[in-house]
Amino acid sequence: MRIKNSFVGLLFFISSQIFAQNSKEVLFTIDNKPYYSDEFTRIYKKNLDLVKDDSQKDLNQYLDLFIGYKLKVNKAYKLGLQENQKYQSELSSYRNQLSKNYVNDSKVTSKLIEEAYSRNLKEIRASHILLSMDESIKGTDTLAFYNRALEIKKRIEKGESFEEVAQKESQDPSVRENKGDLGYFTAFRMVYPFESAAYKTPVGKISNPVRTRFGYHIIKVTDIRDNRGEVSVAHIMLMKPQENTAESMAKVKQNIDDIYTKIQQGENFEALAAQFSDDKSTASKGGQLQRFSSGQLSSEEFEKVAFGLKDAGEISKPFQSQFGWHIVKLIEKYPIQSLDQMKNELESKIKRDERSIIITNSLAKKLKSKYTFETNQKEYQNAEKLVNDAVYSQTWEIPAKKEDVSGNIAVVNKTKKIPTSEFITYIHSQQKNKLTTKPIKKLVAELYDSWKEEQLITYYNDNLENEFPEFKYIMDEYRDGLLLFDLMEKEIWDKSKTDTLGLQDFYTQHKDNYKWKKRYDVDILSSTDEKMIAEAKKYLTKGKSLDFIKEKLNKEGKVAIMVKSGLFEEDFDVLKKTPVLQEGINPVTKDGGYFFLVRVNKIKPVENKTLAECKSKVINDYQQFLESTWVDNLKKEFTIQVNNLVFEKVKTELNK
């Protein structure tokens with residue numbers, strides 16, 4: 001969850017990743033639970049260089065903030081939020097993700113980085129046919145799918161059209177629209193086995209069936225080209241109308257053509273984007289998008305035009321995508337970076353990718369030499385006897401008598417005893433993979449080896465806190481951070497949204513904080529030609545409609561007049577630059593290279609907003625109000641005792 005991760009990130013801002021040990025004394029207690037001076041010192045030192053406000057460096061205030069933080073965590077535990085299944089699941093998920101930073105083989109990782117970089121230099125275009133298959137199916141049971149895939153490949157090699165066969169046979173839902181064509185991609189855009197097969201298949205050739213977690217694929221590589229790197233562009237977009245009628249579509253097309261004509265007449269692209277682009281997230285920035293690479297956008301047409309521009313400042317003709325109409329301006333192109341420049345980014349991607357399994361398998365081999373794994377042969381033989389041929393038909397059941405599996409089959413690193421029942425349960429769980437190895441003894445030995453590797457990695461993961469002190473510290477901070485997020489959600493955020501009476505009362509007490517500025521219902525006519533704006537004013541004075549004016553003045557493919565209508569506050573772009581605004585037609589004003597004519601249809605005075613008109617702002621303010629009084633209430637709920645002698649020592653040490 002993005003919001004939660006951002007929130008916990010803020011907690012790390014008031015946390016520390018400095019692990020040097022300081023003297024450890026009880027600094028304060030909350031309901032007799034001790035909190036130590038070393039943690040406080042560590043956190044303060046970490047934040048010292050980060051805070052900009054000197055008042056935040058005051059140790060007395062900082063202690064108060066620190067106690068407030070711990071009070072909230074205590075409140076979360078008091079409410080039992082740590083028992084919440086969602087919390088436990090997210091904490092476990094984060095721990096699994098964090099542990100990947102400690103599960104590494106540098107040699108294997110380096111090879112994967114070099115491979116990924118080499119692939120990233122090229123962009124592959126490929127089509128595929130997918131035969132869906134459950135990920136758990138293994139062994140000879142995959143043979144039927146594989147043989148079917150081979151038959152399809154042979155049909156294509158004998159002359160059948162790949163696209164036609166894809167439409168008939170592929171189980172990828174998108175095949176109806178794309179005929180199997182996946183477009184261009186580079187490393188990390190596809191699952192690893194698919195990517196590897198695509199990069200190893202020559203252009204125009206078809207791969208052998210490739211197994212991924214989705215099933216078997218037949219891949220046809222249709223093109224390969226140098227990676228185009230990244231591109232930075234600005235755009236003006238007019239969205240496809242919701243009505244989707246011929247008339248409404250034609251109107252949008254006419255408007256985008258008018259804007260393009262104004263660009264051709266020398267008008268500023270960024271100014272036009274600010275005035276007319278429907279992409280509100282970029283309009284205020286002159287239409288500029290974040291830079292992107294091939295395959296990152298959901299519109300291939302947009303990417304094609306953007307990368308097709310050659311020189312900075314070049315502007316495309318209007319073109320249509322599935323979202324509407326665009327005009328694109330090239331800002332800059334960024335070629336592919338060097339291996340050294342991309343190394344950290346590639347390593348990070350590898351750890352999140354299927355490639356990480358290769359690293360994990362390498363780790364398992366190392367752990368076999370790091371830890372001891374002692375097998376109780378008597379228990380192993382007992383487990384072996386319990387398995388019968390029913391395992392091949394997925395009908396084998398765990399023995400009902402607990403005494404049959406009551407011992408310990410193994411000991412890891414002379415400390416962790418593993419019950420025989422866990423191995424038996426593992427065998428039972430593997431039945432879904434349709435086991436085929438025979439005889440039974442060989443199957444059990446095979447399963448025991450894979451189970452042993454899992455147990456070694458599990459032991460290693462379970463003991464990361466002991467192996468790496470910094471891992472323990474990060475997990476402690478994240479654990480408290482998640483709890484605090486859930487507590488804030490329960491006590492502050494949800495309450496501010498659901499407490500309708502409290503919200504109404506807060507709004508009533510502070511309603512003067514929520515006012516509309518003076519507002520104008522206006523028609524704003526703009527032009528770069530002073531004569532044209534004067535003509536427009538004459539027509540307006542005679543009572544002519546805006547459509548009449550545009551029809552009269554926008555002639556011979558030139559757009560002389562653009563119009564923007566609506567209800568705007570007094571500080572809106574053009575309005576704030578107009579000296580005096582009165583109802584009716586106002587004098588022409590000039591700003592930069594533009595002349596503006598404003599017709600005011602109605603003036604609405606300064607007035608209070610209704611709760612409905614400003615509800616999101618009121619909710620935000622109400623949240624801040626609740627939070628500001630929260631810690632004071634917690635101080636009354638819990639008993640806090642500060643050891644002032646220890647605190648004085650801490651201050652002396654930190655002030656040196």
# chains A, B, ... in the order shown; residues from 1 in each chain; ligands from 1
$ residues_around --residues "Asp571 in chain A" --least-positions-apart "2" --cutoff "12 Å" --atoms "only C-alpha atoms" --output "list in words"
Trp516, Lys517, Lys518, Arg519, Tyr520, Leu567, Phe568, Glu569, Asp573, Val574, Leu575, Lys576, Lys577, Thr578, Pro579 and Leu581 of chain A
$ residues_around --residues "Phe468 in chain A" --least-positions-apart "4" --cutoff "12 Å" --atoms "only C-alpha atoms" --output "short mmCIF file (atom, residue, chain, number, x, y, z; two decimals) with all heavy atoms, in the first residue's frame"
data_model
loop_
_atom_site.label_atom_id
_atom_site.label_comp_id
_atom_site.auth_asym_id
_atom_site.auth_seq_id
_atom_site.Cartn_x
_atom_site.Cartn_y
_atom_site.Cartn_z
N PHE A 19 24.12 2.11 14.06
CA PHE A 19 24.01 0.97 14.94
C PHE A 19 25.12 0.89 15.99
O PHE A 19 25.30 -0.12 16.65
CB PHE A 19 23.99 -0.32 14.10
CG PHE A 19 22.91 -0.28 13.07
CD1 PHE A 19 23.20 -0.08 11.73
CD2 PHE A 19 21.59 -0.40 13.44
CE1 PHE A 19 22.19 -0.02 10.79
CE2 PHE A 19 20.57 -0.35 12.50
CZ PHE A 19 20.88 -0.17 11.18
N SER A 99 14.43 -9.26 3.74
CA SER A 99 15.40 -10.35 3.88
C SER A 99 16.16 -10.61 2.57
O SER A 99 17.27 -11.14 2.59
CB SER A 99 14.71 -11.63 4.35
OG SER A 99 13.85 -12.14 3.35
N ASN A 101 17.62 -8.57 0.85
CA ASN A 101 18.88 -7.81 0.86
C ASN A 101 20.00 -8.57 1.55
O ASN A 101 21.17 -8.23 1.42
CB ASN A 101 18.67 -6.47 1.58
CG ASN A 101 17.70 -5.57 0.86
OD1 ASN A 101 17.71 -5.50 -0.36
ND2 ASN A 101 16.84 -4.89 1.61
N TYR A 102 19.63 -9.61 2.30
CA TYR A 102 20.62 -10.38 3.05
C TYR A 102 20.80 -11.78 2.47
O TYR A 102 21.53 -12.59 2.99
CB TYR A 102 20.19 -10.49 4.52
CG TYR A 102 20.10 -9.14 5.19
CD1 TYR A 102 18.96 -8.36 5.07
CD2 TYR A 102 21.17 -8.63 5.92
CE1 TYR A 102 18.88 -7.10 5.66
CE2 TYR A 102 21.10 -7.38 6.51
CZ TYR A 102 19.96 -6.62 6.38
OH TYR A 102 19.89 -5.37 6.95
N VAL A 103 20.05 -12.07 1.42
CA VAL A 103 20.13 -13.36 0.75
C VAL A 103 20.75 -13.11 -0.62
O VAL A 103 20.05 -12.84 -1.58
CB VAL A 103 18.72 -13.99 0.61
CG1 VAL A 103 18.82 -15.34 -0.08
CG2 VAL A 103 18.07 -14.13 1.97
N TYR A 460 17.91 -19.80 8.36
CA TYR A 460 18.72 -18.60 8.10
C TYR A 460 17.85 -17.34 8.18
O TYR A 460 18.21 -16.36 8.85
CB TYR A 460 19.36 -18.72 6.72
CG TYR A 460 20.13 -17.50 6.27
CD1 TYR A 460 21.36 -17.16 6.83
CD2 TYR A 460 19.62 -16.68 5.26
CE1 TYR A 460 22.07 -16.05 6.40
CE2 TYR A 460 20.32 -15.56 4.82
CZ TYR A 460 21.54 -15.25 5.39
OH TYR A 460 22.22 -14.14 4.97
N ASN A 461 16.70 -17.39 7.52
CA ASN A 461 15.79 -16.24 7.55
C ASN A 461 15.27 -15.96 8.94
O ASN A 461 15.16 -14.80 9.35
CB ASN A 461 14.60 -16.49 6.60
CG ASN A 461 14.89 -16.03 5.19
OD1 ASN A 461 15.49 -14.99 4.99
ND2 ASN A 461 14.47 -16.80 4.22
N ASP A 462 14.94 -17.01 9.67
CA ASP A 462 14.41 -16.83 11.03
C ASP A 462 15.43 -16.22 11.96
O ASP A 462 15.06 -15.64 12.99
CB ASP A 462 13.95 -18.18 11.60
CG ASP A 462 12.68 -18.69 10.93
OD1 ASP A 462 12.02 -17.89 10.24
OD2 ASP A 462 12.36 -19.88 11.10
N ASN A 463 16.71 -16.35 11.62
CA ASN A 463 17.77 -15.87 12.50
C ASN A 463 18.50 -14.65 11.97
O ASN A 463 19.60 -14.32 12.44
CB ASN A 463 18.77 -17.00 12.78
CG ASN A 463 18.23 -18.02 13.74
OD1 ASN A 463 18.34 -17.88 14.95
ND2 ASN A 463 17.61 -19.07 13.20
N LEU A 464 17.91 -13.97 11.01
CA LEU A 464 18.56 -12.77 10.47
C LEU A 464 18.75 -11.71 11.55
O LEU A 464 19.73 -10.97 11.53
CB LEU A 464 17.73 -12.20 9.31
CG LEU A 464 17.78 -12.97 7.99
CD1 LEU A 464 16.82 -12.37 6.99
CD2 LEU A 464 19.20 -12.99 7.43
N LYS A 472 17.53 -6.46 12.64
CA LYS A 472 16.62 -6.43 13.80
C LYS A 472 16.11 -5.02 14.04
O LYS A 472 14.92 -4.80 14.29
CB LYS A 472 17.33 -6.95 15.04
CG LYS A 472 16.46 -6.91 16.30
CD LYS A 472 17.24 -7.38 17.52
CE LYS A 472 16.32 -7.40 18.74
NZ LYS A 472 15.71 -6.11 19.03
N TYR A 473 17.01 -4.06 13.95
CA TYR A 473 16.61 -2.67 14.23
C TYR A 473 15.57 -2.17 13.23
O TYR A 473 14.56 -1.58 13.59
CB TYR A 473 17.85 -1.77 14.22
CG TYR A 473 17.52 -0.37 14.61
CD1 TYR A 473 17.36 -0.05 15.95
CD2 TYR A 473 17.33 0.63 13.65
CE1 TYR A 473 17.03 1.24 16.33
CE2 TYR A 473 16.99 1.91 14.02
CZ TYR A 473 16.85 2.21 15.36
OH TYR A 473 16.50 3.49 15.73
N ILE A 474 15.81 -2.46 11.94
CA ILE A 474 14.88 -2.01 10.90
C ILE A 474 13.52 -2.68 11.09
O ILE A 474 12.47 -2.03 10.95
CB ILE A 474 15.45 -2.32 9.50
CG1 ILE A 474 16.69 -1.46 9.23
CG2 ILE A 474 14.40 -2.06 8.42
CD1 ILE A 474 17.43 -1.82 7.96
N MET A 475 13.54 -3.96 11.41
CA MET A 475 12.27 -4.67 11.61
C MET A 475 11.51 -4.11 12.81
O MET A 475 10.28 -3.97 12.77
CB MET A 475 12.52 -6.17 11.80
CG MET A 475 12.79 -6.92 10.51
SD MET A 475 11.48 -6.71 9.26
CE MET A 475 10.04 -7.26 10.15
#
$ residues_around --residues "range 161-175 of chain A" --least-positions-apart "3" --cutoff "10 Å" --atoms "only C-alpha atoms" --output "ChimeraX atom specification"
/A:127-133,149,152-153,155-158,178-182,206,214-215,217-220
$ residues_around --residues "range 587-602 of chain A" --least-positions-apart "2" --cutoff "6 Å" --atoms "only C-alpha atoms" --output "list in words"
Tyr520, Asp521, Val522, Asp523, Ile524, Leu525, Ser526, Ser527, Thr528, Glu583, Gly584 and Ile585 of chain A
$ select_by_dssp --residues "range 152-228 of chain A" --states "helix (DSSP H, G or I)" --output "PDB file with C-alpha atoms, in the first residue's frame"
ATOM      1  CA  ILE A 152       1.422 -25.947 -32.985  1.00  0.00           C
ATOM      2  CA  LYS A 153       5.002 -24.971 -33.725  1.00  0.00           C
ATOM      3  CA  LYS A 154       5.194 -27.560 -36.512  1.00  0.00           C
ATOM      4  CA  ARG A 155       1.988 -26.239 -38.070  1.00  0.00           C
ATOM      5  CA  ILE A 156       3.515 -22.759 -38.250  1.00  0.00           C
ATOM      6  CA  GLU A 157       6.799 -24.090 -39.618  1.00  0.00           C
ATOM      7  CA  PHE A 162       1.472 -17.379 -36.794  1.00  0.00           C
ATOM      8  CA  GLU A 163      -1.178 -14.702 -36.243  1.00  0.00           C
ATOM      9  CA  GLU A 164      -4.044 -16.926 -37.400  1.00  0.00           C
ATOM     10  CA  VAL A 165      -2.865 -19.847 -35.283  1.00  0.00           C
ATOM     11  CA  ALA A 166      -2.456 -17.505 -32.309  1.00  0.00           C
ATOM     12  CA  GLN A 167      -6.059 -16.361 -32.629  1.00  0.00           C
ATOM     13  CA  LYS A 168      -7.273 -19.952 -32.753  1.00  0.00           C
ATOM     14  CA  GLU A 169      -5.017 -21.566 -30.139  1.00  0.00           C
ATOM     15  CA  VAL A 175      -4.898 -12.264 -28.459  1.00  0.00           C
ATOM     16  CA  ARG A 176      -8.267 -11.126 -29.813  1.00  0.00           C
ATOM     17  CA  GLU A 177      -6.957  -7.591 -30.092  1.00  0.00           C
ATOM     18  CA  ASN A 178      -3.237  -8.000 -30.743  1.00  0.00           C
ATOM     19  CA  TYR A 192      12.483 -14.200 -16.837  1.00  0.00           C
ATOM     20  CA  PRO A 193      12.125 -17.528 -18.745  1.00  0.00           C
ATOM     21  CA  PHE A 194      10.089 -15.777 -21.453  1.00  0.00           C
ATOM     22  CA  GLU A 195      12.611 -12.939 -21.664  1.00  0.00           C
ATOM     23  CA  SER A 196      15.527 -15.380 -21.941  1.00  0.00           C
ATOM     24  CA  ALA A 197      13.868 -17.355 -24.728  1.00  0.00           C
ATOM     25  CA  ALA A 198      12.973 -14.196 -26.657  1.00  0.00           C
ATOM     26  CA  TYR A 199      16.522 -12.827 -26.516  1.00  0.00           C
ATOM     27  CA  LYS A 200      17.941 -16.178 -27.640  1.00  0.00           C
TER      28      LYS A 200
END
$ select_by_dssp --residues "range 306-443 of chain A" --states "strand (DSSP E or B)" --output "NGL selection string"
:A and (315 or 319-320 or 324-334 or 373-375 or 408-412 or 416-419)
$ write_last_selection --atoms "C-alpha atoms" --output "compact mmCIF listing (two decimals), in the first residue's frame"
# COMPACT_ATOMS: atom_id res chain seq x y z
CA ILE A 315 6.64 19.46 -32.58
CA PHE A 319 -2.44 12.52 -33.78
CA GLN A 320 -4.97 10.30 -32.08
CA GLY A 324 -7.84 11.39 -27.33
CA TRP A 325 -5.84 13.79 -29.49
CA HIS A 326 -2.27 14.91 -28.82
CA ILE A 327 0.38 17.30 -30.02
CA VAL A 328 3.86 16.37 -28.77
CA LYS A 329 6.97 18.50 -28.38
CA LEU A 330 10.38 16.89 -27.94
CA ILE A 331 12.35 18.22 -24.99
CA GLU A 332 15.32 15.86 -24.80
CA LYS A 333 16.47 12.34 -25.61
CA TYR A 334 18.50 10.26 -23.14
CA PHE A 373 21.76 -30.57 9.47
CA GLU A 374 21.54 -33.81 11.41
CA THR A 375 18.97 -36.39 10.30
CA ASN A 408 11.96 -35.12 15.52
CA ILE A 409 13.39 -35.98 12.13
CA ALA A 410 16.19 -33.39 12.06
CA VAL A 411 18.14 -30.78 14.03
CA VAL A 412 19.45 -27.62 12.33
CA LYS A 416 16.32 -26.07 16.04
CA LYS A 417 14.52 -29.40 16.25
CA ILE A 418 12.18 -30.17 13.37
CA PRO A 419 9.30 -32.60 14.00
$ closest_residue --among "A:Leu483, A:Ala274, A:Ala383, A:Leu112" --to "Tyr87 in chain A" --atoms "only C-alpha atoms"
A:Leu483
$ closest_residue --among "A:Tyr459, A:Tyr426, A:Phe625, A:Phe471" --to "Leu503 in chain A" --atoms "only C-alpha atoms"
A:Phe625
$ closest_residue --among "A:Thr508, A:Asn633, A:Asn104, A:Ser406" --to "Lys609 in chain A" --atoms "only C-alpha atoms"
A:Thr508
$ residues_around --residues "Ser277 in chain A" --least-positions-apart "2" --cutoff "7 Å" --atoms "only C-alpha atoms" --output "JSON, numbers by chain"
{"A": [236, 237, 238, 273, 274, 275, 279, 280, 283]}
$ closest_residue --among "A:Val191, A:Ile549, A:Ile256, A:Ile30" --to "Lys75 in chain A" --atoms "only C-alpha atoms"
A:Ile30
$ closest_residue --among "A:Ser393, A:Thr109, A:Gln381, A:Thr458" --to "Ser348 in chain A" --atoms "only C-alpha atoms"
A:Thr109
$ residues_around --residues "Lys107 in chain A" --least-positions-apart "5" --cutoff "12 Å" --atoms "only C-alpha atoms" --output "PDB file with C-alpha atoms, in the first residue's frame"
ATOM      1  CA  LEU A 112      22.850 -11.563 -13.723  1.00  0.00           C
ATOM      2  CA  ILE A 113      23.575  -7.819 -13.764  1.00  0.00           C
ATOM      3  CA  GLU A 114      25.840  -8.181 -16.801  1.00  0.00           C
ATOM      4  CA  ILE A 358      18.847 -18.265  -8.915  1.00  0.00           C
ATOM      5  CA  ILE A 359      20.526 -16.332  -6.110  1.00  0.00           C
ATOM      6  CA  SER A 362      23.068 -20.483  -4.681  1.00  0.00           C
ATOM      7  CA  LEU A 363      22.520 -19.475  -1.054  1.00  0.00           C
TER       8      LEU A 363
END
$ atom_distance --atom1 "CA of Ser294 in chain A" --atom2 "CA of Phe185 in chain A"
6.9 Å
$ residues_around --residues "Asp141 in chain A" --least-positions-apart "6" --cutoff "10 Å" --atoms "only C-alpha atoms" --output "number ranges by chain"
A: 433-436
$ write_last_selection --atoms "N, CA, C and O atoms" --output "short mmCIF file (atom, residue, chain, number, x, y, z; two decimals), in the first residue's frame"
data_model
loop_
_atom_site.label_atom_id
_atom_site.label_comp_id
_atom_site.auth_asym_id
_atom_site.auth_seq_id
_atom_site.Cartn_x
_atom_site.Cartn_y
_atom_site.Cartn_z
N ASN A 433 1.52 -31.56 -7.05
CA ASN A 433 2.42 -31.44 -8.19
C ASN A 433 2.46 -32.71 -9.03
O ASN A 433 3.29 -32.83 -9.94
N LYS A 434 1.58 -33.66 -8.68
CA LYS A 434 1.47 -34.91 -9.44
C LYS A 434 2.83 -35.59 -9.55
O LYS A 434 3.42 -35.68 -10.63
N LEU A 435 3.29 -36.07 -8.40
CA LEU A 435 4.62 -36.68 -8.30
C LEU A 435 4.70 -37.94 -9.17
O LEU A 435 3.74 -38.71 -9.27
N THR A 436 5.85 -38.14 -9.77
CA THR A 436 6.01 -39.28 -10.69
C THR A 436 7.24 -40.13 -10.39
O THR A 436 7.35 -41.25 -10.90
#
